[in-house]
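Visitor: One structure, pasted below without further comment.
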Amino acid sequence: LNFASDNVTGASAEVLAAIVKANAGTEDSYGADAASARLTEVASRLFGCELAILPVTTGTAANALALSALVPPFGAVYCHETAHVMTDECGAPEFFSGGAKLLALPAPHGKLAPQQLTDAVAFARANGVHHVQPAAVTLSQATEWGTVYTQDEIGRLASTAHRLGLKVHMDGARFANAVARLGCTPAAATWQSGVDVLSLGATKNGALAAEAVVLFDRSLAAELEFRRKRSGHLWSKMRFLSAQLVAYLESDLWLRNARQSNAMAARLADGLATIATARVVEVVEANEVFVALPARVATALRAAGFSFLDWLAPAGASAPVFRLVTSYDTRPADVDSLLTAVRDAA
Ligand SMILES: Cc1ncc(COP(=O)(O)O)c(C=O)c1O
């Protein structure tokens, strides 16, 4: 059983059916198709506002393109030190923006705090022309530590950012998991709390390869169209990407899938809490569980066929830490098999 990531899964039946349906007949290309028009309608209804939505095929592209539309080449983008943009995108945000610099800030639970943003911007401004210029902040929702910013936390961070003249980007690779946790509307989780641009993930939660840049400020759309083309993410057969996102968003598939994966992570964390040799090291609010286990237990689990990633242990941890990720198609029996194996190995 594979708990290494939520992208080790296939795709939801509804998404596959939508692709098959989109396959019939001819359609205009490069986003001028009916599914792409429908996607704008569906997303606008879901987020309760007029917006522009541009599908791309990877989260890296969504993040890098979104940030490139928000910052100048001499801009500073503040992010958490564990942010995917910082650690896992091979410099794509810097490349796509023509040189903007990511500045990583440490903070507990994977969450940036308003005061550290204020301090970092003050430091930059004090250094004048010599420092990259504060331009944007990016927050991951859910975070890379599987925690979820509350609406209030997003609101306070975003209003601080705006007061400082920064744009606010949200890396929503696990946006559905976060909204499922918060129980609020997608609008409340984003633009109503001050988010300017969202990278909306779907691949980890039931799509085949579909993510999107969601612009709550539609004046950015024209520029982003060019940037997307230039990056090679303007699919000629865009209908196949848009159809996936329509199927994902128009019913409650996105939320249903996220609720399932979150519930499985909660089941896993609850089970691990009953095993003396296992210690869950971060609060579980979405679909990731970070657990400290003796190395010999991890080795035994892997020998028994379970996959999961080594993770960086927080300061002071006495045992190695591992990341276990659940997904929309994780079943209670899968979690229970893992728990049994941990008990046996321990
Ligand atoms: C927080 C976060 N952002 C973005 C991504 C998107 O990455 P990719 O470019 O692999 O689709 C991921 C995937 O692991 C992620 O965890």
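Lettering and numbering for the structure tokens are positional, with chains as A, B, ... in the shown order, residues counted from 1 in each chain, and ligands counted from 1 in the shown order.
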Name the residues, by chain letter and number, that sit within 8 Å of ligand 1 using only C-alpha atoms and all ligand atoms, and give them as a list in words.

Guide: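 Taking only C-alpha atoms and all ligand atoms into account, the residues around ligand 1 at most 8 Å away are Ser5, Asn7, Thr57, Thr58, Gly59, Thr60, Ala61, Ala62, Asn63, Ala83, His84, Val85, Asp88, Glu89, Ser140, Gln141, Ala142, Thr143, Glu144, Asp171, Gly172, Ala173, Arg174, Gly201, Thr203, Lys204 and Glu211 of chain A.
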
Visitor: Residues of range 9-111 of chain A in alpha helix (DSSP H) according to DSSP, as number ranges by chain?

Guide: A: 13-22, 34-47, 59-68, 84-87, 92-96

Visitor: Quick one: write out the picked residues with C-alpha atoms as a tab-separated table (two decimals), in the first residue's frame?

Guide:
```
chain	number	residue	atom	x	y	z
A	13	ALA	CA	-14.43	7.71	-12.38
A	14	GLU	CA	-16.34	10.99	-12.90
A	15	VAL	CA	-13.19	12.65	-14.27
A	16	LEU	CA	-12.43	9.76	-16.60
A	17	ALA	CA	-16.05	9.75	-17.82
A	18	ALA	CA	-15.80	13.48	-18.52
A	19	ILE	CA	-12.66	12.94	-20.60
A	20	VAL	CA	-14.40	10.22	-22.62
A	21	LYS	CA	-17.41	12.49	-23.15
A	22	ALA	CA	-15.17	15.37	-24.23
A	34	ALA	CA	-17.35	24.63	-24.86
A	35	ALA	CA	-15.81	22.87	-21.84
A	36	SER	CA	-13.45	25.78	-21.21
A	37	ALA	CA	-16.32	28.29	-21.36
A	38	ARG	CA	-18.28	26.05	-19.02
A	39	LEU	CA	-15.32	25.89	-16.64
A	40	THR	CA	-15.33	29.68	-16.23
A	41	GLU	CA	-19.06	29.55	-15.46
A	42	VAL	CA	-18.74	26.68	-12.99
A	43	ALA	CA	-15.75	28.18	-11.18
A	44	SER	CA	-17.38	31.62	-11.01
A	45	ARG	CA	-20.48	30.09	-9.46
A	46	LEU	CA	-18.44	28.03	-6.99
A	47	PHE	CA	-16.32	30.99	-5.87
A	59	GLY	CA	1.10	22.54	-9.77
A	60	THR	CA	4.59	23.84	-10.41
A	61	ALA	CA	3.37	25.60	-13.56
A	62	ALA	CA	0.34	27.01	-11.73
A	63	ASN	CA	2.50	28.40	-8.94
A	64	ALA	CA	5.29	29.72	-11.12
A	65	LEU	CA	2.93	31.33	-13.63
A	66	ALA	CA	0.75	32.84	-10.91
A	67	LEU	CA	3.73	34.37	-9.13
A	68	SER	CA	5.27	35.61	-12.37
A	84	HIS	CA	6.74	23.62	-2.32
A	85	VAL	CA	7.75	26.69	-4.37
A	86	MET	CA	10.90	26.87	-2.27
A	87	THR	CA	11.91	23.24	-1.99
A	92	ALA	CA	10.53	27.52	-11.61
A	93	PRO	CA	9.07	30.60	-9.86
A	94	GLU	CA	12.41	32.40	-10.20
A	95	PHE	CA	12.74	31.27	-13.82
A	96	PHE	CA	9.20	32.18	-14.89
```

Visitor: May I have the residues within 12 Å of Gln115 in chain A as a list in words, using only C-alpha atoms and disregarding those fewer than 3 positions away in the same chain?

Guide: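 Listing them by chain and then by number gives Leu105, Ala107, Lys111, Leu112, Thr118, Asp119, Ala120, Val121, Ala122, Glu153, Arg156, Leu157, Ala158, Ser159, Thr160, Ala161 and Leu164 of chain A.
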
Visitor: List the spatial neighbours of Ser219 in chain A as a ChimeraX atom specification - criterion: any atom at most 12 Å away, only C-alpha atoms, same-chain residues fewer than 6 positions off excluded.

Guide: /A:50-52,69-70,196-197,225

Visitor: Assign secondary structure with DSSP using the backbone only, and return the residues of range 59-216 of chain A in strand (DSSP E or B) as a PyMOL selection string.

Guide: chain A and resi 75-80+101-105+133-140+167-172+197-201+211-215

Visitor: Find, counting only C-alpha atoms, the residue in A:Phe216, A:Trp191, A:Phe74, A:Trp235 that gets nearest to Pro55 in chain A.

Guide: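 Smallest distance to Pro55 in chain A is found for A:Trp235.
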
Visitor: Let me make sure I understand: among A:Val56, A:Ala24, A:Phe226, A:Leu338, which one has the smallest atom-to-atom distance to Val214 in chain A if we use only C-alpha atoms?

Guide: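 The answer is A:Val56, which sits nearest to Val214 in chain A.
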
Visitor: Give me the residues within 10 Å of Val321 in chain A as a list of chain:residue names, counting only C-alpha atoms and dropping any in the same chain fewer than 5 places off.

Guide: A:Ala278, A:Arg279, A:Val280, A:Val281, A:Phe290, A:Val291, A:Ala292, A:Leu293, A:Pro294, A:Ala295, A:Ala298, A:Leu309, A:Asp310, A:Trp311, A:Leu312, A:Ala313, A:Pro314

Visitor: Print the selection's residues with C-alpha atoms to a file, as a short mmCIF file (atom, residue, chain, number, x, y, z; two decimals), in the first residue's frame.

Guide:
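Output file result-v3.cif follows:
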```
data_model
loop_
_atom_site.label_atom_id
_atom_site.label_comp_id
_atom_site.auth_asym_id
_atom_site.auth_seq_id
_atom_site.Cartn_x
_atom_site.Cartn_y
_atom_site.Cartn_z
CA ALA A 278 4.69 5.94 17.34
CA ARG A 279 4.40 9.67 17.91
CA VAL A 280 2.41 11.95 15.63
CA VAL A 281 4.52 15.11 15.55
CA PHE A 290 3.79 13.12 10.16
CA VAL A 291 4.91 10.43 12.54
CA ALA A 292 8.11 9.69 14.43
CA LEU A 293 8.90 5.98 14.40
CA PRO A 294 11.97 3.97 15.35
CA ALA A 295 14.02 3.34 12.20
CA ALA A 298 9.99 1.95 9.29
CA LEU A 309 8.53 9.20 2.56
CA ASP A 310 11.30 10.10 4.98
CA TRP A 311 10.70 13.62 6.27
CA LEU A 312 12.76 16.23 8.02
CA ALA A 313 12.43 15.77 11.77
CA PRO A 314 11.48 18.90 13.72
#
```

Visitor: For Trp254 in chain A, which residue among A:Ser12, A:Gly31, A:Met170, A:Gly75 is the nearest when counting only C-alpha atoms?

Guide: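 Among the listed residues, the smallest separation from Trp254 in chain A belongs to A:Ser12.
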
Visitor: Just how far from CA of Ala276 in chain A is CA of Ala263 in chain A, in Å to one decimal?

Guide: 22.2 Å

Visitor: Using only C-alpha atoms, pick whichever of A:Thr326, A:Thr277, A:Gln244, A:Ser337 has the shortest atom-to-atom distance to Val8 in chain A.

Guide: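 With only C-alpha atoms as the atom set, the closest residue is A:Thr326.
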
Visitor: Separation of CA of Asp344 in chain A and CA of Leu1 in chain A, in Å?

Guide: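 According to the coordinates, CA of Asp344 in chain A and CA of Leu1 in chain A are separated by 16.2 Å.
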
Visitor: Do you have the CA of Arg228 in chain A-CA of Ser97 in chain A distance handy?

Guide: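 About the pair CA of Arg228 in chain A and CA of Ser97 in chain A: they are 12.2 Å apart.
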